[in-house]
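Asks: Okay, here's the structure, questions in a sec.
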Amino acid sequence: MAAISREEVAHLARLSRLAVTEQELDQFAGQLDVILQSVARVGEVAADDIPPTSHSVPLTNVYRDDVPQPSLTQDEALAGAPDTFEGRFRVPRILDEED
Amino acid sequence: MTDLTRMSAAELAKAIAGKEASAVEVATAHLDRIDAVDDRVHAFLHVDREGALAAAERVDRGEVTGPLAGVPIAVKDVIATKGVPTTAASKILEGWRPPYDATIVQRLRAAGMVMLGKTNMDEFAMGSSTEYSAYGPTNNPWDLGRIPGGSGGGSAASLAAYEAPLAIGTDTGGSIRQPGAVTGTVGAKPTYGGTSRYGLIAFSSSLDTPGPCARNVEDAALLHAVIAGHDPRDSTSIPQPVPDVVGAARRGASGDLSGVKLGLVKEFAGDGSEPGVLAAFHESLEALVKLGAEVVEVSCPHFQYALPAYYLIAPSECSSNLARFDGVRYGLRTGDDGSRSLEEVMSLTRDAGFGPEVKRRIILGTYALSSGYYDAYYGQAQKVRTLITRDFQSAFERVDVLVSPTTPFVAFPFGSRTSDPYQMYLADLFTIPTNLYGGPGISVPCGLSEGLPVGFQVMAPTMADDRMYRVAAALESAVGTLTPPTL
């Protein structure tokens with residue numbers, strides 16, 4: 001049985017904001033199925049009582065002193081943007097016209 | 001006069017400090033070498049001749065000194081370099097010039113090192129062959145029809161092609177060590193948190209570790225010492241002194257390993273490795289025994305689950321990290337013709353800007369983090385990570401370091417593993433456990449199989465980076481460095 005269907009891959013692509021083509025879907029569905037069947041082996045390990053590790057460094061809540069530091073200027077921060085308008089990032093419309 | 005491109009970093013630094021060669025001469029020799037051979041190797045995505053010569057002139061004017069002042073270096077294109085194009089080998093960042101330097105780049109500049117340019121890699125450091133670079137692969141100087149490893153294939157190939165004496169890589173699952181192995185060069189992954197991630201384009205934040213690439217162990221240690229150490233701009237940076245890696249490399253080079261216990265991981269024995277790789281590995285092990293080391297077999301029963309756990313954890317983190325590429329603040333924007341919504345433009349931009357491996361991993365990670373699958377996949381992988389860490393800790397109660405081949409196979413021909421992504425993932429079978437644990441690992445050349453380099457991996461406990469340099473340098477003193485064919 002397949003671990004993941006073509007429809008599920010299409011749904012995940014939408015969630016990931018990837019406008020994949022039909023051809024990509026065909027290709028990815030088979031490949032992801034092989035990968036998922038391989039990685040599902042983690043389920044063989046009896047680990048119910050084992051705490052998860054998110055990170056190898058035993059540090060939490062690392063803060064610096066609350067003192068202002070130099071940072072990028074507005075021009076520097078905007079320099080790489082595909083489109084700007086009056087010192088801001090310009091984006092396509094967010095709301096539909098009827099909203 | 002000696003060919004400056006054939007000298008080690010330590011020799012170059014000495015020659016520049018002693019005024020036997022100027023930093024500008026050294027930089028020019030390497031830039032000319034890049035001009036002469038990089039159309040065949042394609043190690044570089046961008047060469048910064050002007051910036052390199054300016055940095056070299058500062059050294060020649062005596063404005064900056066230090067153990068590696070004036071020595072040229074190549075930097076992997078996933079690392080932010082102020083004003084110098086940084087693409088992570090992706091179309092989505094084509095032409096982007098970062099407004100700031102990564103911490104490690106700041107440290108290279110402060111040390112008077114001369115950045116030659118940015119090296120090719122698999123897109124966003126996802127791959128083991130550089131075949132996933134959006135700008136075409138890098139060719140292995142040992143055989144131009146074969147892969148140079150990945151993701152940091154450009155950095156490793158630049159060393160083997162004598163285009164640079166040193167390079168910077170990043171290692172998330174083996175991206176420094178595996179390219180080192182298949183190009184006959186040295187690649188070291190420091191302890192996670194030992195080198196700053198500030199200014200690295202994030203792939204998998206709990207695993208990404210920048211580190212040194214070199215043609216010999218001492219050079220790698222010298223570069224390690226320049227870039228390592230606490231950085232307040234990285235919240236996972238370890239606030240402890242850097243282990244004396246240079247001293248350890250020099251001590252190891254004396255060739256005495258009496259009292260050192262090497263752990264041979266039982267579960268790695270013959271695990272899909274090519275016979276020639278195993279033969280070179282075992283001959284090297286015997287060489288280390290002659291230097292006084294003792295070999296102890298250890299069991300790490302959960303290492304067999306490292307690859308599956310990694311391919312859940314790394315894609316999950318990548319699916320989150322790569323959400324920032326949305327066509328708003330930097331990089332590519334596609335389909336913004338006034339008729340489409342932001343969301344449509346975002347989706348079109350990401351589909352046009354990302355290559356197939358990046359998309360596969362984003363989709364896989366999104367799946368592993370989905371409600372209903374989270375516990376079975378991402379959550380379970382994190383528990384396996386704990387068990388792998390415990391395997392390392394109990395092994396290090398009995399031995400000083402663990403050893404293995406770096407990668408199961410020598411450089412493979414282009415196209416032989418791209419149709420089946422999982423076959424590509426197997427290249428990192430022996431390097432991934434170290435990333436999940438967070439400890440340091442180094443690959444050092446240990447011989448040839450069918451005329452191609454084989455790498456020997458040494459893994460050490462966290463913050464005991466010096467230990468792996470000592471063993472690697474001892475091995476190098478016994479088996480020597482490898483000289484690639486003339487290009």
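Quick note on naming: the chains in the structure tokens go A, B, ... in the order shown, residues restart at 1 in each chain, and ligands are numbered from 1 in order of appearance.
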Residues of chain A within 6 Å of chain B, counting only C-alpha atoms - could you list those as an NGL selection string?

Replies: :A and (12 or 17-20 or 39 or 50-53 or 55-56 or 62 or 80-81 or 92-94)

Asks: Which residues come within 10 Å of B:Leu452, counting only C-alpha atoms, excluding same-chain residues fewer than 6 positions away, as a list in words?

Replies: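 My list of contacting residues is Trp142, Asp143, Ala181, Val182, Thr183, Gly184, Gly276, Val277, Phe409, Val410, Ala411, Phe412, Leu482 and Pro484 of chain B.
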
Asks: So which residues touch B:Asp77 within 10 Å, counting only C-alpha atoms, skipping near sequence neighbours fewer than 4 positions away, as a list of chain:residue names?

Replies: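 Close residues of B:Asp77: B:Phe44, B:Leu45, B:His46, B:Thr81, B:Val84, B:Pro85, B:Thr86, B:Thr87, B:Ala88, B:Ala89, B:Ser90, B:Gly117, B:Lys118, B:Thr119, B:Asn120, B:Met121, B:Asp122, B:Glu123, B:Phe124, B:Ala125, B:Gly152, B:Gly154, B:Ser155, B:Ile168, B:Gly169, B:Thr170, B:Leu200, B:Ile201.
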
Asks: Measuring between only C-alpha atoms, which one of B:Ala54, B:Met468, B:Val444, B:Val401 shows the shortest distance to B:Ser284?

Replies: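 Distance minimum relative to B:Ser284 lands on B:Val444.
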
Asks: Using DSSP on the backbone coordinates, identify all residues within chain A classified as strand (DSSP E or B); present the result as number ranges by chain.

Replies: A: 84-85, 88-89

Asks: Near B:Thr209, counting only C-alpha atoms, which residues have an atom at most 7 Å away, once you skip same-chain residues fewer than 3 positions from it, shown as a VMD selection string?

Replies: chain B and resid 170 to 172 189 to 190 192 195 197

Asks: Could you write out the selected residues, including N, CA and C atoms, as a short mmCIF file (atom, residue, chain, number, x, y, z; two decimals), in the first residue's frame?

Replies:
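Written output follows (selection_26.cif):
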data_model
loop_
_atom_site.label_atom_id
_atom_site.label_comp_id
_atom_site.auth_asym_id
_atom_site.auth_seq_id
_atom_site.Cartn_x
_atom_site.Cartn_y
_atom_site.Cartn_z
N THR B 170 29.50 23.94 5.28
CA THR B 170 28.51 23.75 6.35
C THR B 170 28.09 22.30 6.31
N ASP B 171 27.86 21.74 7.51
CA ASP B 171 27.58 20.31 7.62
C ASP B 171 26.30 20.12 8.42
N THR B 172 25.25 19.63 7.73
CA THR B 172 23.96 19.37 8.37
C THR B 172 23.77 17.87 8.54
N LYS B 189 33.63 18.87 10.73
CA LYS B 189 32.41 19.42 11.29
C LYS B 189 32.66 19.64 12.77
N PRO B 190 32.71 20.90 13.22
CA PRO B 190 32.93 21.16 14.64
C PRO B 190 31.73 20.68 15.48
N TYR B 192 28.39 21.02 17.30
CA TYR B 192 27.28 21.94 17.06
C TYR B 192 27.27 23.00 18.17
N THR B 195 30.71 26.64 16.38
CA THR B 195 30.90 27.69 15.37
C THR B 195 29.54 28.34 15.13
N ARG B 197 26.18 30.10 13.76
CA ARG B 197 25.28 29.96 12.61
C ARG B 197 24.77 31.31 12.13
#

Asks: Using only C-alpha atoms, which of the listed residues (B:Cys318, B:Gly372, B:Asn216, B:Phe396) sits closest to B:Glu297?

Replies: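 Comparing B:Cys318, B:Gly372, B:Asn216, B:Phe396 against B:Glu297, the winner is B:Phe396.
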